[in-house]
file final.tsv (TSV, C-alpha atoms)
chain	number	residue	atom	x	y	z
A	1	MET	CA	52.88	-107.72	-20.49
A	2	ALA	CA	50.97	-107.94	-23.75
A	3	LYS	CA	53.62	-105.78	-25.42
A	4	ASN	CA	56.42	-108.14	-24.41
A	5	SER	CA	54.62	-111.22	-25.74
A	6	PHE	CA	53.86	-109.39	-29.00
A	7	ILE	CA	57.47	-108.35	-29.40
A	8	SER	CA	58.75	-111.86	-28.66
A	9	VAL	CA	56.44	-113.23	-31.37
A	10	ILE	CA	57.77	-110.67	-33.85
A	11	SER	CA	61.37	-111.40	-32.91
A	12	GLN	CA	60.95	-115.18	-33.28
A	13	GLU	CA	59.39	-114.75	-36.72
A	14	GLU	CA	62.14	-112.34	-37.77
A	15	LYS	CA	64.88	-114.53	-36.31
A	16	LYS	CA	64.12	-117.19	-38.89
A	17	GLU	CA	64.23	-114.67	-41.72
A	18	ASN	CA	66.92	-112.02	-41.22
A	19	THR	CA	68.56	-111.26	-37.89
A	20	GLY	CA	70.69	-108.48	-39.37
A	21	SER	CA	67.79	-106.35	-40.54
A	22	VAL	CA	67.30	-102.92	-39.03
A	23	GLU	CA	63.81	-103.83	-37.82
A	24	PHE	CA	65.04	-106.92	-35.98
A	25	GLN	CA	67.84	-104.97	-34.32
A	26	ILE	CA	65.39	-102.28	-33.17
A	27	VAL	CA	63.02	-104.93	-31.76
A	28	SER	CA	65.93	-106.61	-30.02
A	29	PHE	CA	67.12	-103.32	-28.49
A	30	THR	CA	63.56	-102.53	-27.40
A	31	ASN	CA	63.35	-105.86	-25.58
A	32	LYS	CA	66.65	-105.13	-23.82
A	33	ILE	CA	65.51	-101.61	-22.91
A	34	ARG	CA	62.27	-102.86	-21.36
A	35	ARG	CA	64.10	-105.58	-19.43
A	36	LEU	CA	66.70	-103.11	-18.11
A	37	THR	CA	63.99	-100.61	-17.18
A	38	LEU	CA	62.26	-103.22	-15.04
A	39	HIS	CA	65.61	-104.12	-13.45
A	40	LEU	CA	66.39	-100.48	-12.65
A	41	GLU	CA	63.02	-99.99	-10.96
A	42	LEU	CA	64.19	-102.52	-8.34
A	43	HIS	CA	67.87	-101.55	-8.26
A	44	ARG	CA	67.99	-97.77	-8.48
A	45	LYS	CA	71.69	-97.44	-7.70
A	46	ASP	CA	72.92	-99.88	-10.34
A	47	TYR	CA	74.89	-97.28	-12.26
A	48	LEU	CA	76.53	-99.74	-14.62
A	49	SER	CA	73.12	-100.91	-15.84
A	50	GLN	CA	72.05	-97.27	-16.20
A	51	ARG	CA	75.06	-96.67	-18.44
A	52	GLY	CA	74.25	-99.75	-20.49
A	53	LEU	CA	70.66	-98.58	-20.86
A	54	ARG	CA	71.80	-95.19	-22.14
A	55	LYS	CA	74.12	-96.85	-24.68
A	56	ILE	CA	71.34	-99.12	-25.96
A	57	LEU	CA	68.94	-96.17	-26.18
A	58	GLY	CA	71.48	-94.29	-28.30
A	59	LYS	CA	72.01	-97.26	-30.63
A	60	ARG	CA	68.25	-97.71	-31.06
A	61	GLN	CA	67.82	-93.99	-31.73
A	62	ARG	CA	70.51	-94.06	-34.44
A	63	LEU	CA	68.90	-97.09	-36.07
A	64	LEU	CA	65.47	-95.45	-35.94
A	65	SER	CA	66.78	-92.29	-37.58
A	66	TYR	CA	68.49	-94.39	-40.27
A	67	LEU	CA	65.25	-96.28	-40.94
A	68	ALA	CA	63.27	-93.02	-41.04
A	69	LYS	CA	65.62	-91.66	-43.72
A	70	LYS	CA	65.63	-94.84	-45.81
A	71	ASN	CA	62.00	-95.95	-45.60
A	72	ARG	CA	59.47	-93.76	-43.82
A	73	ILE	CA	56.60	-96.26	-44.20
A	74	ARG	CA	58.47	-99.12	-42.50
A	75	TYR	CA	59.58	-96.67	-39.80
A	76	LYS	CA	56.01	-95.56	-39.04
A	77	GLU	CA	54.78	-99.17	-38.99
A	78	LEU	CA	57.55	-100.27	-36.61
A	79	ILE	CA	56.92	-97.33	-34.27
A	80	ARG	CA	53.24	-98.24	-34.17
A	81	GLN	CA	53.91	-101.94	-33.54
A	82	LEU	CA	56.40	-101.34	-30.76
A	83	ASP	CA	54.33	-98.55	-29.23
A	84	ILE	CA	57.28	-96.19	-28.78
A	85	ARG	CA	57.52	-92.45	-29.32
A	86	GLU	CA	58.92	-90.94	-32.50
call {"tool": "encode", "arguments": {"input": "final.tsv", "output": "structure tokens"}}
result
Amino acid sequence: MAKNSFISVISQEEKKENTGSVEFQIVSFTNKIRRLTLHLELHRKDYLSQRGLRKILGKRQRLLSYLAKKNRIRYKELIRQLDIRE
């Protein structure tokens, strides 16, 4: 649960600054992904939520690849902060 509290602190700080930034969107999608993953552990046959999870994963992946092309340093830092794979 330490990850979730860390991410919520980041998102509240970012919310005041710029909610349209790529980093904020990635953090927001990561929060949704973690919440849906916990939901799907309890409800394995919730296929609509599985579809939503796959769509959010794709959006986050596209944003991550965009950020990696534009600014590799910010990309590496965000990956490290969120503790997700490259």
call {"tool": "residues_near_point", "arguments": {"input": "final.tsv", "point": "(56.0, -93.7, -36.2)", "cutoff": "12 Å", "atoms": "all atoms listed in the file", "output": "list in words"}}
result
Leu64, Ser65, Leu67, Ala68, Asn71, Arg72, Ile73, Arg74, Tyr75, Lys76, Glu77, Leu78, Ile79, Arg80, Gln81, Leu82, Asp83, Ile84, Arg85 and Glu86 of chain A
call {"tool": "atom_distance", "arguments": {"input": "final.tsv", "atom1": "CA of Val22 (chain A)", "atom2": "CA of Thr37 (chain A)"}}
result
22.2 Å
call {"tool": "axis_aligned_box", "arguments": {"input": "final.tsv", "around": "region 26-45 of chain A", "padding_each_side": "5 Å", "output": "AutoDock Vina command-line options"}}
result
--center_x 67.0 --center_y -102.0 --center_z -20.4 --size_x 19.4 --size_y 19.2 --size_z 35.5
call {"tool": "atom_distance", "arguments": {"input": "final.tsv", "atom1": "CA of Arg51 (chain A)", "atom2": "CA of Ser28 (chain A)"}}
result
17.8 Å
call {"tool": "atom_distance", "arguments": {"input": "final.tsv", "atom1": "CA of Gln61 (chain A)", "atom2": "CA of Leu38 (chain A)"}}
result
19.9 Å
call {"tool": "residues_around", "arguments": {"input": "final.tsv", "residues": "Phe29 (chain A)", "least_positions_apart": "3", "cutoff": "12 Å", "atoms": "all atoms listed in the file", "output": "count of residues only"}}
result
27
